[in-house]
Each structure stands twice: as C-alpha cells, then as structure tokens.
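work_30.txt (compact mmCIF, C-alpha atoms and all ligand atoms)
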# COMPACT_ATOMS: atom_id res chain seq x y z
CA MET A 820 46.04 -73.92 -8.92
CA ARG A 821 42.30 -73.78 -8.36
CA PRO A 822 40.22 -71.72 -10.77
CA ARG A 823 39.10 -68.35 -9.52
CA SER A 824 35.45 -69.20 -9.28
CA ARG A 825 33.05 -66.55 -10.44
CA LEU A 826 30.06 -68.62 -9.61
CA ARG A 827 27.87 -65.78 -8.39
CA ALA A 828 25.74 -63.90 -10.89
CA LYS A 829 26.47 -60.19 -11.27
CA GLU A 830 22.98 -58.79 -10.81
CA PRO A 831 20.18 -58.23 -10.09
CA GLY A 832 19.71 -61.38 -7.99
CA PRO A 833 21.03 -64.93 -7.67
CA THR A 834 20.11 -65.52 -11.33
CA ASP A 835 20.39 -63.19 -14.30
CA PRO A 836 17.35 -62.43 -16.48
CA ARG A 837 17.19 -64.43 -19.70
CA VAL A 838 17.14 -62.41 -22.89
CA ALA A 839 15.27 -64.35 -25.56
CA SER A 840 15.40 -61.75 -28.36
CA SER A 841 16.93 -62.82 -31.63
CA THR A 842 17.19 -59.16 -32.68
CA TRP A 843 17.34 -55.69 -31.06
CA ALA A 844 15.96 -52.26 -31.92
CA LEU A 845 18.69 -50.12 -33.41
CA ALA A 846 19.15 -46.43 -32.63
CA SER A 847 19.93 -45.64 -36.28
CA ALA A 848 20.81 -47.18 -39.63
CA ARG A 849 24.37 -46.07 -38.91
CA GLN A 850 24.43 -48.16 -35.75
CA GLY A 851 23.16 -51.13 -37.79
CA ALA A 852 26.00 -50.63 -40.28
CA ASP A 853 28.55 -50.49 -37.43
CA PHE A 854 27.23 -53.68 -35.78
CA ALA A 855 27.23 -55.51 -39.13
CA VAL A 856 31.02 -55.25 -39.28
CA ASP A 857 31.68 -55.42 -35.53
CA THR A 858 33.02 -58.54 -33.77
CA ALA A 859 30.50 -60.16 -31.39
CA PRO A 860 28.26 -57.18 -30.55
CA PRO A 861 26.13 -58.46 -27.62
CA ALA A 862 22.74 -56.99 -28.65
CA TYR A 863 22.45 -56.89 -32.44
CA TYR A 864 21.44 -60.36 -33.67
CA THR A 865 21.76 -63.52 -31.55
CA ARG A 866 24.09 -65.34 -33.99
CA TRP A 867 26.46 -62.37 -33.52
CA GLY A 868 25.93 -62.31 -29.73
CA ASN A 869 23.34 -62.23 -26.94
CA PRO A 870 23.54 -60.80 -23.39
CA THR A 871 22.56 -64.11 -21.72
CA VAL A 872 25.05 -66.05 -23.82
CA ARG A 873 27.68 -63.35 -23.13
CA GLU A 874 27.21 -63.74 -19.38
CA LEU A 875 27.98 -67.46 -19.73
CA GLU A 876 30.97 -66.71 -21.98
CA ASP A 877 32.46 -64.30 -19.45
CA VAL A 878 32.19 -66.87 -16.65
CA LEU A 879 33.79 -69.55 -18.87
CA ALA A 880 36.66 -67.23 -19.83
CA ASP A 881 37.21 -66.51 -16.14
CA LEU A 882 37.14 -70.21 -15.13
CA GLU A 883 39.69 -71.14 -17.82
CA GLY A 884 41.86 -68.06 -17.24
CA GLY A 885 41.37 -66.88 -20.84
CA ALA A 886 40.81 -63.51 -22.50
CA ARG A 887 37.47 -64.33 -24.11
CA ALA A 888 35.09 -67.26 -24.65
CA LEU A 889 32.66 -68.12 -27.43
CA ALA A 890 29.71 -70.35 -26.50
CA THR A 891 28.35 -72.60 -29.25
CA GLY A 892 25.36 -74.84 -29.91
CA SER A 893 27.45 -78.01 -29.38
CA GLY A 894 31.01 -79.05 -28.57
CA MET A 895 31.56 -79.87 -32.24
CA GLY A 896 30.42 -76.35 -33.18
CA ALA A 897 33.30 -74.97 -31.12
CA ILE A 898 35.81 -77.60 -32.26
CA ALA A 899 34.99 -77.26 -35.97
CA SER A 900 35.03 -73.44 -35.82
CA ALA A 901 38.38 -73.37 -34.00
CA ILE A 902 40.03 -75.95 -36.28
CA LEU A 903 38.78 -74.35 -39.50
CA THR A 904 40.08 -71.00 -38.24
CA SER A 905 43.54 -72.42 -37.62
CA VAL A 906 44.28 -74.07 -40.99
CA ASP A 907 44.43 -73.16 -44.65
CA ARG A 908 44.59 -75.21 -47.85
CA GLY A 909 47.73 -77.37 -47.96
CA ASP A 910 48.68 -76.94 -44.27
CA HIS A 911 49.86 -79.71 -41.96
CA VAL A 912 48.31 -80.64 -38.59
CA VAL A 913 49.68 -82.70 -35.70
CA ALA A 914 47.00 -84.28 -33.51
CA GLY A 915 46.82 -86.87 -30.74
CA SER A 916 45.89 -90.37 -31.93
CA SER A 917 43.09 -90.77 -29.36
CA LEU A 918 40.37 -88.17 -29.87
CA TYR A 919 36.59 -87.89 -29.74
CA THR A 920 35.35 -89.68 -32.90
CA ALA A 921 33.84 -86.68 -34.72
CA THR A 922 37.05 -84.72 -34.10
CA THR A 923 39.08 -87.56 -35.61
CA GLU A 924 36.70 -87.46 -38.57
CA ILE A 925 37.37 -83.73 -39.14
CA PHE A 926 41.05 -84.59 -39.56
CA THR A 927 40.59 -87.80 -41.58
CA ARG A 928 37.44 -87.08 -43.64
CA LEU A 929 36.95 -83.29 -43.90
CA LEU A 930 40.35 -81.58 -43.95
CA PRO A 931 41.85 -83.87 -46.65
CA ARG A 932 39.30 -82.30 -49.04
CA PHE A 933 41.29 -79.09 -48.69
CA GLY A 934 44.66 -80.81 -49.06
CA ILE A 935 45.29 -80.61 -45.31
CA GLU A 936 47.27 -83.57 -43.97
CA THR A 937 47.25 -84.69 -40.32
CA THR A 938 49.97 -86.66 -38.55
CA PHE A 939 48.57 -88.53 -35.53
CA VAL A 940 50.95 -89.04 -32.62
CA ASP A 941 50.78 -91.33 -29.61
CA PRO A 942 50.56 -88.73 -26.84
CA ARG A 943 52.12 -91.17 -24.34
CA ARG A 944 55.45 -91.21 -26.20
CA ARG A 945 57.90 -88.58 -24.98
CA GLY A 946 59.19 -86.38 -27.77
CA ALA A 947 56.43 -87.46 -30.20
CA TRP A 948 55.07 -83.92 -30.70
CA LYS A 949 58.49 -82.42 -31.32
CA GLU A 950 59.37 -85.14 -33.87
CA SER A 951 56.12 -84.70 -35.80
CA VAL A 952 55.90 -80.92 -36.30
CA ARG A 953 57.15 -79.56 -39.63
CA SER A 954 57.74 -76.09 -41.01
CA ASP A 955 54.24 -76.21 -42.59
CA THR A 956 52.48 -77.37 -39.35
CA ARG A 957 49.89 -74.72 -38.53
CA LEU A 958 47.93 -76.56 -35.81
CA VAL A 959 48.78 -78.84 -32.89
CA TYR A 960 45.60 -80.41 -31.52
CA VAL A 961 45.36 -82.25 -28.19
CA GLU A 962 42.63 -83.87 -26.11
CA THR A 963 43.66 -84.67 -22.55
CA PRO A 964 42.57 -86.90 -20.90
CA ALA A 965 41.51 -88.43 -24.21
CA ASN A 966 38.13 -89.98 -24.86
CA PRO A 967 37.84 -92.92 -24.14
CA THR A 968 41.39 -94.20 -23.61
CA MET A 969 42.30 -91.63 -20.90
CA MET A 970 45.70 -91.06 -22.57
CA ILE A 971 47.31 -87.90 -21.21
CA THR A 972 49.15 -85.34 -23.33
CA ASP A 973 52.02 -83.43 -21.74
CA LEU A 974 50.64 -79.94 -22.38
CA SER A 975 54.01 -78.20 -21.98
CA GLU A 976 55.62 -80.57 -24.49
CA ALA A 977 52.87 -80.07 -27.08
CA VAL A 978 53.03 -76.28 -26.64
CA SER A 979 56.80 -76.16 -26.97
CA ALA A 980 56.69 -78.29 -30.17
CA ALA A 981 53.98 -76.04 -31.66
CA ARG A 982 55.83 -72.84 -30.75
CA SER A 983 59.01 -74.11 -32.42
CA VAL A 984 57.18 -73.87 -35.79
CA GLY A 985 54.72 -71.06 -34.97
CA ALA A 986 51.63 -73.34 -34.91
CA THR A 987 48.40 -72.66 -32.99
CA THR A 988 47.58 -75.04 -30.11
CA LEU A 989 44.05 -76.20 -29.31
CA ALA A 990 43.18 -78.45 -26.33
CA ASP A 991 39.90 -80.28 -25.71
CA ASN A 992 39.45 -79.95 -21.93
CA THR A 993 36.02 -81.63 -21.76
CA PHE A 994 37.05 -84.58 -19.57
CA ALA A 995 38.96 -82.59 -16.95
CA SER A 996 36.87 -79.39 -16.84
CA PRO A 997 38.54 -76.18 -15.64
CA VAL A 998 38.21 -77.45 -12.07
CA ASN A 999 40.83 -80.13 -12.74
CA GLN A 1000 42.94 -78.61 -15.52
CA ARG A 1001 43.56 -75.17 -17.01
CA PRO A 1002 45.46 -75.65 -20.29
CA ILE A 1003 45.98 -71.91 -20.87
CA GLU A 1004 48.34 -71.90 -17.86
CA PHE A 1005 50.54 -74.30 -19.88
CA GLY A 1006 50.56 -72.02 -22.92
CA ILE A 1007 47.64 -73.49 -24.93
CA ASP A 1008 46.07 -70.90 -27.29
CA GLY A 1009 42.49 -72.20 -27.36
CA VAL A 1010 40.60 -74.47 -24.92
CA LEU A 1011 37.62 -76.43 -26.21
CA HIS A 1012 34.65 -77.87 -24.38
CA SER A 1013 31.64 -79.96 -24.99
CA ALA A 1014 29.58 -78.00 -22.43
CA THR A 1015 27.00 -80.77 -22.87
CA LYS A 1016 29.17 -82.65 -20.39
CA TYR A 1017 30.55 -81.41 -17.02
CA LEU A 1018 29.92 -77.70 -17.56
CA GLY A 1019 26.16 -78.24 -18.03
CA GLY A 1020 26.39 -81.27 -15.80
CA HIS A 1021 22.80 -82.56 -15.92
CA SER A 1022 22.45 -84.23 -19.35
CA ASP A 1023 19.74 -81.72 -20.30
CA VAL A 1024 21.53 -79.41 -22.75
CA VAL A 1025 23.78 -79.65 -25.82
CA ALA A 1026 26.35 -76.84 -25.89
CA GLY A 1027 30.01 -76.07 -26.47
CA ALA A 1028 32.63 -73.42 -25.95
CA VAL A 1029 36.04 -72.25 -26.98
CA VAL A 1030 38.08 -70.08 -24.62
CA THR A 1031 41.08 -68.27 -26.06
CA ALA A 1032 44.19 -67.12 -24.23
CA LYS A 1033 44.31 -63.96 -26.32
CA ARG A 1034 41.68 -61.74 -27.88
CA GLY A 1035 43.15 -62.06 -31.42
CA LEU A 1036 42.38 -65.78 -31.75
CA PHE A 1037 38.85 -65.19 -30.43
CA ASP A 1038 38.24 -62.56 -33.14
CA ARG A 1039 39.43 -64.93 -35.87
CA ILE A 1040 37.34 -67.87 -34.55
CA TRP A 1041 34.27 -65.64 -34.17
CA PHE A 1042 34.56 -64.60 -37.84
CA VAL A 1043 34.46 -68.26 -38.97
CA TYR A 1044 31.75 -69.17 -36.41
CA LYS A 1045 29.57 -66.31 -37.67
CA MET A 1046 29.61 -67.89 -41.15
CA LEU A 1047 29.19 -71.52 -40.01
CA GLY A 1048 26.45 -70.51 -37.54
CA PRO A 1049 26.64 -72.92 -34.55
CA ALA A 1050 25.05 -70.35 -32.20
CA LEU A 1051 23.95 -71.24 -28.66
CA GLY A 1052 20.41 -70.20 -27.73
CA PRO A 1053 19.86 -68.11 -24.57
CA PHE A 1054 17.80 -70.80 -22.80
CA GLU A 1055 20.56 -73.35 -23.33
CA ALA A 1056 23.10 -70.76 -22.14
CA PHE A 1057 21.03 -70.35 -18.98
CA LEU A 1058 21.11 -74.12 -18.34
CA VAL A 1059 24.90 -74.28 -18.72
CA ARG A 1060 25.27 -71.17 -16.54
CA ARG A 1061 23.13 -72.82 -13.86
CA GLY A 1062 25.11 -76.05 -14.11
CA LEU A 1063 28.38 -74.17 -13.57
CA LYS A 1064 27.28 -73.11 -10.10
CA THR A 1065 27.71 -76.68 -8.83
CA LEU A 1066 30.61 -77.72 -11.09
CA PRO A 1067 33.31 -77.81 -8.36
CA LEU A 1068 31.03 -79.73 -5.97
CA ARG A 1069 29.96 -82.26 -8.58
CA MET A 1070 33.53 -82.74 -9.77
CA GLU A 1071 34.81 -83.35 -6.27
CA VAL A 1072 32.24 -86.02 -5.35
CA GLN A 1073 32.18 -87.70 -8.77
CA SER A 1074 36.00 -87.85 -8.88
CA ARG A 1075 36.13 -89.43 -5.42
CA THR A 1076 33.64 -92.12 -6.48
CA ALA A 1077 35.59 -92.68 -9.73
CA GLN A 1078 38.76 -93.31 -7.70
CA SER A 1079 36.94 -95.92 -5.52
CA LEU A 1080 35.40 -97.61 -8.54
CA ALA A 1081 38.74 -97.69 -10.40
CA GLU A 1082 40.44 -99.28 -7.38
CA PHE A 1083 37.65 -101.86 -7.12
CA LEU A 1084 37.88 -102.72 -10.84
CA GLU A 1085 41.66 -103.06 -10.67
CA ASP A 1086 41.26 -105.99 -8.27
CA ARG A 1087 38.81 -107.96 -10.45
CA ARG A 1088 40.26 -110.96 -12.30
CA ALA A 1089 37.92 -110.42 -15.30
CA VAL A 1090 39.41 -106.93 -15.81
CA ARG A 1091 42.62 -106.79 -17.84
CA VAL A 1092 43.45 -103.13 -17.18
CA VAL A 1093 41.83 -99.98 -15.76
CA HIS A 1094 42.57 -96.61 -17.35
CA TYR A 1095 42.19 -93.96 -14.65
CA PRO A 1096 44.81 -91.24 -14.08
CA GLY A 1097 44.31 -91.42 -10.30
CA LEU A 1098 45.60 -95.00 -10.05
CA GLN A 1099 49.24 -95.53 -9.05
CA SER A 1100 49.37 -98.21 -11.76
CA PHE A 1101 48.29 -95.76 -14.51
CA PRO A 1102 51.42 -95.32 -16.67
CA GLN A 1103 50.98 -91.53 -16.87
CA HIS A 1104 49.96 -91.03 -13.23
CA ALA A 1105 52.95 -88.75 -12.49
CA LEU A 1106 52.21 -86.54 -15.51
CA ALA A 1107 48.51 -86.33 -14.58
CA ARG A 1108 49.53 -85.33 -11.05
CA LYS A 1109 51.81 -82.64 -12.47
CA GLN A 1110 49.32 -80.91 -14.75
CA MET A 1111 45.91 -81.71 -13.21
CA ASN A 1112 44.35 -80.59 -9.91
CA GLY A 1113 42.23 -83.73 -9.70
CA PHE A 1114 41.83 -86.86 -11.81
CA GLY A 1115 38.21 -86.44 -12.86
CA ALA A 1116 35.23 -88.75 -13.07
CA MET A 1117 35.86 -90.52 -16.39
CA LEU A 1118 37.50 -93.93 -16.57
CA SER A 1119 37.65 -96.88 -18.91
CA PHE A 1120 38.56 -100.52 -18.42
CA GLU A 1121 39.21 -103.55 -20.58
CA LEU A 1122 37.45 -106.84 -19.94
CA ASN A 1123 39.38 -110.05 -20.63
CA GLY A 1124 36.35 -111.46 -22.46
CA GLY A 1125 36.80 -108.98 -25.39
CA TYR A 1126 34.00 -107.67 -27.60
CA ARG A 1127 31.29 -110.03 -26.29
CA ALA A 1128 32.08 -109.33 -22.63
CA GLY A 1129 32.17 -105.55 -23.22
CA LYS A 1130 28.78 -105.59 -24.91
CA ARG A 1131 27.28 -107.88 -22.26
CA PHE A 1132 28.61 -105.76 -19.41
CA VAL A 1133 27.00 -102.52 -20.64
CA GLU A 1134 23.70 -104.33 -21.10
CA ALA A 1135 23.88 -105.93 -17.62
CA VAL A 1136 24.26 -102.82 -15.43
CA ASP A 1137 21.26 -101.72 -13.45
CA ILE A 1138 22.14 -98.59 -11.44
CA ALA A 1139 24.37 -97.26 -14.23
CA THR A 1140 22.68 -96.49 -17.56
CA LEU A 1141 23.76 -97.68 -21.02
CA ALA A 1142 23.97 -94.40 -22.92
CA VAL A 1143 26.37 -92.21 -24.87
CA SER A 1144 27.50 -88.80 -23.60
CA LEU A 1145 29.02 -88.17 -20.19
CA GLY A 1146 29.54 -85.65 -17.42
CA GLY A 1147 26.04 -85.71 -15.90
CA THR A 1148 24.88 -86.72 -12.44
CA GLU A 1149 23.90 -90.26 -13.54
CA THR A 1150 26.55 -92.88 -14.18
CA LEU A 1151 26.68 -93.82 -17.87
CA VAL A 1152 28.46 -96.76 -19.50
CA GLN A 1153 29.13 -97.50 -23.14
CA HIS A 1154 31.10 -99.96 -25.29
CA PRO A 1155 33.14 -97.90 -27.81
CA ALA A 1156 34.05 -100.79 -30.16
CA SER A 1157 30.40 -101.54 -30.94
CA MET A 1158 29.02 -98.04 -30.42
CA THR A 1159 30.77 -94.62 -30.63
CA HIS A 1160 33.87 -95.85 -32.46
CA GLY A 1161 31.90 -98.11 -34.82
CA PRO A 1162 32.20 -95.52 -37.66
CA LEU A 1163 36.02 -95.81 -37.62
CA THR A 1164 37.87 -98.43 -39.65
CA ASP A 1165 39.56 -101.36 -37.79
CA GLN A 1166 42.91 -99.70 -38.41
CA GLU A 1167 41.67 -96.33 -37.07
CA ARG A 1168 40.29 -98.06 -33.96
CA ARG A 1169 43.63 -99.80 -33.39
CA VAL A 1170 45.57 -96.52 -33.78
CA SER A 1171 43.11 -94.82 -31.39
CA GLY A 1172 43.69 -97.52 -28.75
CA ILE A 1173 40.11 -98.85 -28.78
CA SER A 1174 40.31 -102.51 -27.80
CA GLU A 1175 37.38 -104.91 -28.26
CA GLY A 1176 36.63 -105.27 -24.55
CA LEU A 1177 36.98 -101.58 -23.64
CA VAL A 1178 34.14 -100.09 -21.56
CA ARG A 1179 33.87 -96.34 -20.90
CA VAL A 1180 32.36 -95.09 -17.65
CA SER A 1181 31.17 -91.59 -16.75
CA VAL A 1182 30.82 -91.69 -12.98
CA GLY A 1183 27.83 -89.84 -11.55
CA LEU A 1184 26.58 -88.88 -8.11
CA GLU A 1185 25.16 -92.22 -7.00
CA ASP A 1186 26.37 -93.84 -3.79
CA ALA A 1187 29.83 -95.36 -4.42
CA ASP A 1188 29.01 -98.70 -2.75
CA ASP A 1189 25.81 -99.08 -4.80
CA LEU A 1190 27.78 -98.52 -7.98
CA ILE A 1191 30.51 -100.97 -6.99
CA ASP A 1192 27.85 -103.65 -6.28
CA ASP A 1193 26.24 -102.94 -9.65
CA PHE A 1194 29.56 -103.26 -11.52
CA ASP A 1195 30.47 -106.41 -9.58
CA ARG A 1196 27.22 -108.07 -10.61
CA ALA A 1197 27.49 -106.91 -14.26
CA ILE A 1198 31.09 -108.12 -14.56
CA ARG A 1199 30.02 -111.55 -13.33
CA ALA A 1200 27.09 -111.58 -15.78
CA ALA A 1201 29.43 -110.54 -18.65
CA SER A 1202 31.94 -113.29 -17.81
CA ARG A 1203 29.40 -116.11 -17.91
C1 LIG B 1301 35.93 -85.07 -25.51
C2 LIG B 1301 34.76 -84.62 -26.33
N1 LIG B 1301 34.88 -83.55 -27.13
C3 LIG B 1301 33.87 -83.13 -27.89
C4 LIG B 1301 32.65 -83.76 -27.90
C5 LIG B 1301 31.54 -83.25 -28.79
O1 LIG B 1301 30.62 -82.55 -28.03
P1 LIG B 1301 29.09 -82.28 -28.48
O2 LIG B 1301 28.42 -83.61 -28.50
O3 LIG B 1301 28.59 -81.35 -27.43
O4 LIG B 1301 29.15 -81.68 -29.84
C6 LIG B 1301 32.45 -84.86 -27.08
C7 LIG B 1301 31.15 -85.57 -27.07
O5 LIG B 1301 31.02 -86.64 -26.51
C8 LIG B 1301 33.54 -85.31 -26.27
O6 LIG B 1301 33.43 -86.37 -25.47

Any chance you could give the structure as structure tokens?
Amino acid sequence: MRPRSRLRAKEPGPTDPRVASSTWALASARQGADFAVDTAPPAYYTRWGNPTVRELEDVLADLEGGARALATGSGMGAIASAILTSVDRGDHVVAGSSLYTATTEIFTRLLPRFGIETTFVDPRRRGAWKESVRSDTRLVYVETPANPTMMITDLSEAVSAARSVGATTLADNTFASPVNQRPIEFGIDGVLHSATKYLGGHSDVVAGAVVTAKRGLFDRIWFVYKMLGPALGPFEAFLVRRGLKTLPLRMEVQSRTAQSLAEFLEDRRAVRVVHYPGLQSFPQHALARKQMNGFGAMLSFELNGGYRAGKRFVEAVDIATLAVSLGGTETLVQHPASMTHGPLTDQERRVSGISEGLVRVSVGLEDADDLIDDFDRAIRAASR
C-alpha cells in the first residue's frame, strides 16, 4: 500500500513560516504551570515542542500511518529515547544481530550497566524471534533492511513473538523509508528514522524521528526525550520538511538505479555476492516482496579480494564519493570493516555479518550508466 502523501503544506503558501523562538510569551503564570506538566505543548519552550517541528512531526506521522511522531536532533536521539523508554533495570531485550553500530552499542555497552541483557537473533532464521523471547522480554528491536548487510526481518513474525510476552516492538525504517515500507501496518509499536538519510534526502541536515502507532507510547517516549534533550531545531525541521516533498520521486529513481547497479555487480567475477532485496538471487527476496513496496536504494556487495580489495575499491571510485552516511542525492560508498564497524570486536563483526570485503553503497541520482562505468573501473583497480 502506498503512503497517503501529505506533501503539501497546510498554509499559508507552498511553504510554512519558520518559527525560530525558543520560548513564547505566556498569558499567565497559571498557563506556565499547566505547560510545565503538559506533554509536548507546541508553543511553550522548544525542547517541549515548536510549531515548525510539529508541522514536520504531523507529516511524518501521516506518512508512517502512526498516531503521533516526535522529531529529534539525530536518528540516535530518537533510537536512544525510544529504547530507554521501553526497558527497566533487569529486563531482557531481543534484537536483530545486524544493526546500525551505535544501536548495537546501546545494547552491548550501555544497557548492561542497568542489568539489561540482550539476545541477538539472526533475522533470516525462521522462528528465531519466537524462540528467543522470554517472560521478562520487554523489547523486541528490529532494523529492516539492516545496515549494512541488508538482512530482512519478517515484521509479522517479530510482532507476533513480542506480543506473546507483552513486549514493545521498535523498528528502524531508515533504509526503506515510509515510501517502501510501513511497519505500523504489520503491528510495530514504534518506527524509528535517521531523518538525516532519505527523509531529509540531501546530506545537509542531521535529524531523527520516532513515529508511534498509539498515543500512549508517544507520551512515554516524550517524557524520556524531554529529560535527555535531543531536540530538533526549527531550521533543521524545515530542511527535513522540504526534503520530504521529493521523497517518493527520489526513492523511485534511486531504487531503479540501485536495481541496475546490483544486476551489473552480480555478473562481475570479482564480486562474491550482492546483497540487494530486489535481486531474484537474494535469499529473502520473497519476504522483501511481501512486506515492502519497493526495494530501496541501499545495497552492499562482497569483493573476493577481502579487506584489501574493499578498501581499495572505495578509494578508487570517482563519480561515487567515499563517505559515511547515506540516503542523499549523491552516491556514497564505504567499507564497513575498516570504517563504521571498526569499533566492534572481531566477534561482534562476525555476528553482525560484516565480512572483510563488504562494501556498502547508497545509490544517488546520478546517471545509472555513469555509475556502472565508475564501479566497473574501481572493481578492476581494486582487483589489481
Ligand atoms: C539504519 C540507521 N539507523 C540509525 C542511524 C543513526 O542516525 P543519525 O546519524 O541521524 O543519528 C543511522 C546512521 O547512519 C542508520 O544508518
């Protein structure tokens, strides 16, 4: 099902005015006292809420089919606030084994301080979620497609396992965007985004969001967020709001180019395997087809030459850029083993499915043939 797209601004013109105030004049001390205990008043103090940020939040809630959204100053601001809302001292978490690195670190480095244990499951294994939940599991956390392995989680399976023990479900939908996947339709309680990526879409803003299926979870996350303080500024909210206007168009063209590039890579002898849900050869292609409306513009591939070839490839591209982050209009490549997943231990990298020769690609809006030529040349340079 395609998202109902509320891409038009409400009023007064094609763009809404930006409200830069950090604080607002109050009608009375009584009103100040009421706002101080209110949830997300839109014109009290910008960490509590802001009309420009609220406009973005309402569009995001609409795109994801949720009750309410909270925009944050980064994706991790949303992820940390939502996770810390969902668990208490001594609880158990079940999470996918392939996650964005800082998210993995919340589960492996931060939550253990509070006696919270996480069981990581291979999302590709049928029944893995059901087998891993326990009576004390309070959170089931998924990222699908996962960064950078592109592993897909069966959303219905994860939701059913979580519901069997009364756990909250959170899904990082950054890679797919609401154009290609709407996890709330599968029963997910909270959808997370790094809005730095496809939602903003132009690599010029750092932002995040959580969209909740029901108002109750929003209220609880907002309470934690208010204390942690990862607020989004109104100018950044404006940039994300502007980016959203072209999200479906960008996604469509970038996904088409990703499909062509993946098919090209699949035929190269120097490439061991291509991870792209749109390929017939992708082991979870049928599942991706079932729960996604499109396969997106992220892919990864493994070079036969291992660590050295991966590093050489990302340094040899010319049209693509060697850089972290993703989801913008320029094609970006990176080598997780030597870069983003460097902070993990060897064992953690193995569990996360990060091989030595893995290269991650965020496909942009360049001409598909130009990109294919660029990759062809860089693969040959990396194999020498
Ligand atoms: C899947 C995913 N989730 C979350 C994040 C974190 O987002 P941010 O950098 O906006 O905090 C990233 C960043 O790359 C990501 O790729």

Would you kindly return, as a ChimeraX atom specification, each protein, DNA or RNA residue with an atom no farther than 12 Å from any atom of stretch 920-929 of chain A, considering only C-alpha atoms and excluding same-chain residues fewer than 5 positions away?
/A:894-903,906,908,910-915,934-939,958-962,965-968,990-991,1011,1013,1155-1156,1158-1164,1167-1168,1170-1171,1173

Measure the distance from atom CA of A:Val1092 to atom O5 of ligand LIG 1301 (chain B) in Å and round it to one decimal.
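According to the coordinates, atom CA of A:Val1092 and atom O5 of ligand LIG 1301 (chain B) are separated by 22.7 Å.
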
Near stretch 1182-1184 of chain A, counting all atoms listed in the file, which residues have an atom at most 6 Å away, once you skip same-chain residues fewer than 5 positions from it, shown as a VMD selection string?
chain A and resid 1073 1077 1116 1148 to 1150

Export, as an mmCIF file, keeping the file's coordinate frame, the selected residues with C-alpha atoms.
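Result file part.cif:
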data_model
loop_
_atom_site.group_PDB
_atom_site.id
_atom_site.type_symbol
_atom_site.label_atom_id
_atom_site.label_comp_id
_atom_site.auth_asym_id
_atom_site.auth_seq_id
_atom_site.Cartn_x
_atom_site.Cartn_y
_atom_site.Cartn_z
ATOM 1 C CA GLN A 1073 32.180 -87.700 -8.770
ATOM 2 C CA ALA A 1077 35.590 -92.680 -9.730
ATOM 3 C CA ALA A 1116 35.230 -88.750 -13.070
ATOM 4 C CA THR A 1148 24.880 -86.720 -12.440
ATOM 5 C CA GLU A 1149 23.900 -90.260 -13.540
ATOM 6 C CA THR A 1150 26.550 -92.880 -14.180
#

Determine, counting only C-alpha atoms, which protein, DNA and RNA residues have an atom within 12 Å of an atom of A:Thr871; residues of the same chain fewer than 6 positions away are not included. Present the result as a list in words.
Ala828, Lys829, Thr834, Asp835, Pro836, Arg837, Val838, Ala839, Ser840, Ser841, Pro861, Ala862, Thr865, Asp877, Val878, Ala890, Leu1051, Gly1052, Pro1053, Phe1054, Glu1055, Ala1056, Phe1057, Leu1058, Val1059, Arg1060 and Arg1061 of chain A

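Relative to atom CA of A:Ser975, atom CA of A:Gly1006 is found at 7.1 Å.
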
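Take the candidates A:Leu1118, A:Gln1153, A:Ala1028, A:Lys1033 and check each one against A:Thr1015 using all atoms listed in the file; the shortest distance goes to A:Ala1028.
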
As an exercise, work out the distance from atom CA of A:Ala1187 to atom CA of A:Arg1087 in Å and give it to one decimal place.
16.6 Å

Give me, as an NGL selection string, all polymer residues having an atom no more than 9 Å from A:Leu1141, counting only C-alpha atoms and skipping those fewer than 3 positions away in the same chain.
:A and (1133-1137 or 1150-1154)

Could stretch 1090-1102 of chain A be completed with N, CA and C atoms and returned as a PDB file, in the frame of the given file?
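Resulting contents of result.pdb:
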ATOM      1  N   VAL A1090      39.007-108.231 -15.237  1.00  0.00           N
ATOM      2  CA  VAL A1090      39.410-106.930 -15.810  1.00  0.00           C
ATOM      3  C   VAL A1090      40.897-106.968 -16.140  1.00  0.00           C
ATOM      4  N   ARG A1091      41.209-106.726 -17.424  1.00  0.00           N
ATOM      5  CA  ARG A1091      42.620-106.790 -17.840  1.00  0.00           C
ATOM      6  C   ARG A1091      43.383-105.557 -17.386  1.00  0.00           C
ATOM      7  N   VAL A1092      42.774-104.367 -17.576  1.00  0.00           N
ATOM      8  CA  VAL A1092      43.450-103.130 -17.180  1.00  0.00           C
ATOM      9  C   VAL A1092      42.403-102.035 -16.947  1.00  0.00           C
ATOM     10  N   VAL A1093      42.708-101.133 -16.018  1.00  0.00           N
ATOM     11  CA  VAL A1093      41.830 -99.980 -15.760  1.00  0.00           C
ATOM     12  C   VAL A1093      42.598 -98.725 -16.156  1.00  0.00           C
ATOM     13  N   HIS A1094      41.938 -97.867 -16.951  1.00  0.00           N
ATOM     14  CA  HIS A1094      42.570 -96.610 -17.350  1.00  0.00           C
ATOM     15  C   HIS A1094      41.960 -95.490 -16.521  1.00  0.00           C
ATOM     16  N   TYR A1095      42.645 -95.086 -15.468  1.00  0.00           N
ATOM     17  CA  TYR A1095      42.190 -93.960 -14.650  1.00  0.00           C
ATOM     18  C   TYR A1095      43.425 -93.233 -14.120  1.00  0.00           C
ATOM     19  N   PRO A1096      43.566 -91.951 -14.420  1.00  0.00           N
ATOM     20  CA  PRO A1096      44.810 -91.240 -14.080  1.00  0.00           C
ATOM     21  C   PRO A1096      45.109 -91.220 -12.585  1.00  0.00           C
ATOM     22  N   GLY A1097      44.098 -91.457 -11.740  1.00  0.00           N
ATOM     23  CA  GLY A1097      44.310 -91.420 -10.300  1.00  0.00           C
ATOM     24  C   GLY A1097      44.910 -92.704  -9.736  1.00  0.00           C
ATOM     25  N   LEU A1098      45.015 -93.742 -10.547  1.00  0.00           N
ATOM     26  CA  LEU A1098      45.600 -95.000 -10.050  1.00  0.00           C
ATOM     27  C   LEU A1098      47.129 -94.938 -10.105  1.00  0.00           C
ATOM     28  N   GLN A1099      47.765 -95.467  -9.057  1.00  0.00           N
ATOM     29  CA  GLN A1099      49.240 -95.530  -9.050  1.00  0.00           C
ATOM     30  C   GLN A1099      49.742 -96.327 -10.251  1.00  0.00           C
ATOM     31  N   SER A1100      48.939 -97.336 -10.667  1.00  0.00           N
ATOM     32  CA  SER A1100      49.370 -98.210 -11.760  1.00  0.00           C
ATOM     33  C   SER A1100      49.198 -97.559 -13.141  1.00  0.00           C
ATOM     34  N   PHE A1101      48.514 -96.420 -13.215  1.00  0.00           N
ATOM     35  CA  PHE A1101      48.290 -95.760 -14.510  1.00  0.00           C
ATOM     36  C   PHE A1101      49.647 -95.243 -15.019  1.00  0.00           C
ATOM     37  N   PRO A1102      50.057 -95.645 -16.235  1.00  0.00           N
ATOM     38  CA  PRO A1102      51.420 -95.320 -16.670  1.00  0.00           C
ATOM     39  C   PRO A1102      51.733 -93.820 -16.689  1.00  0.00           C
TER      40      PRO A1102
END
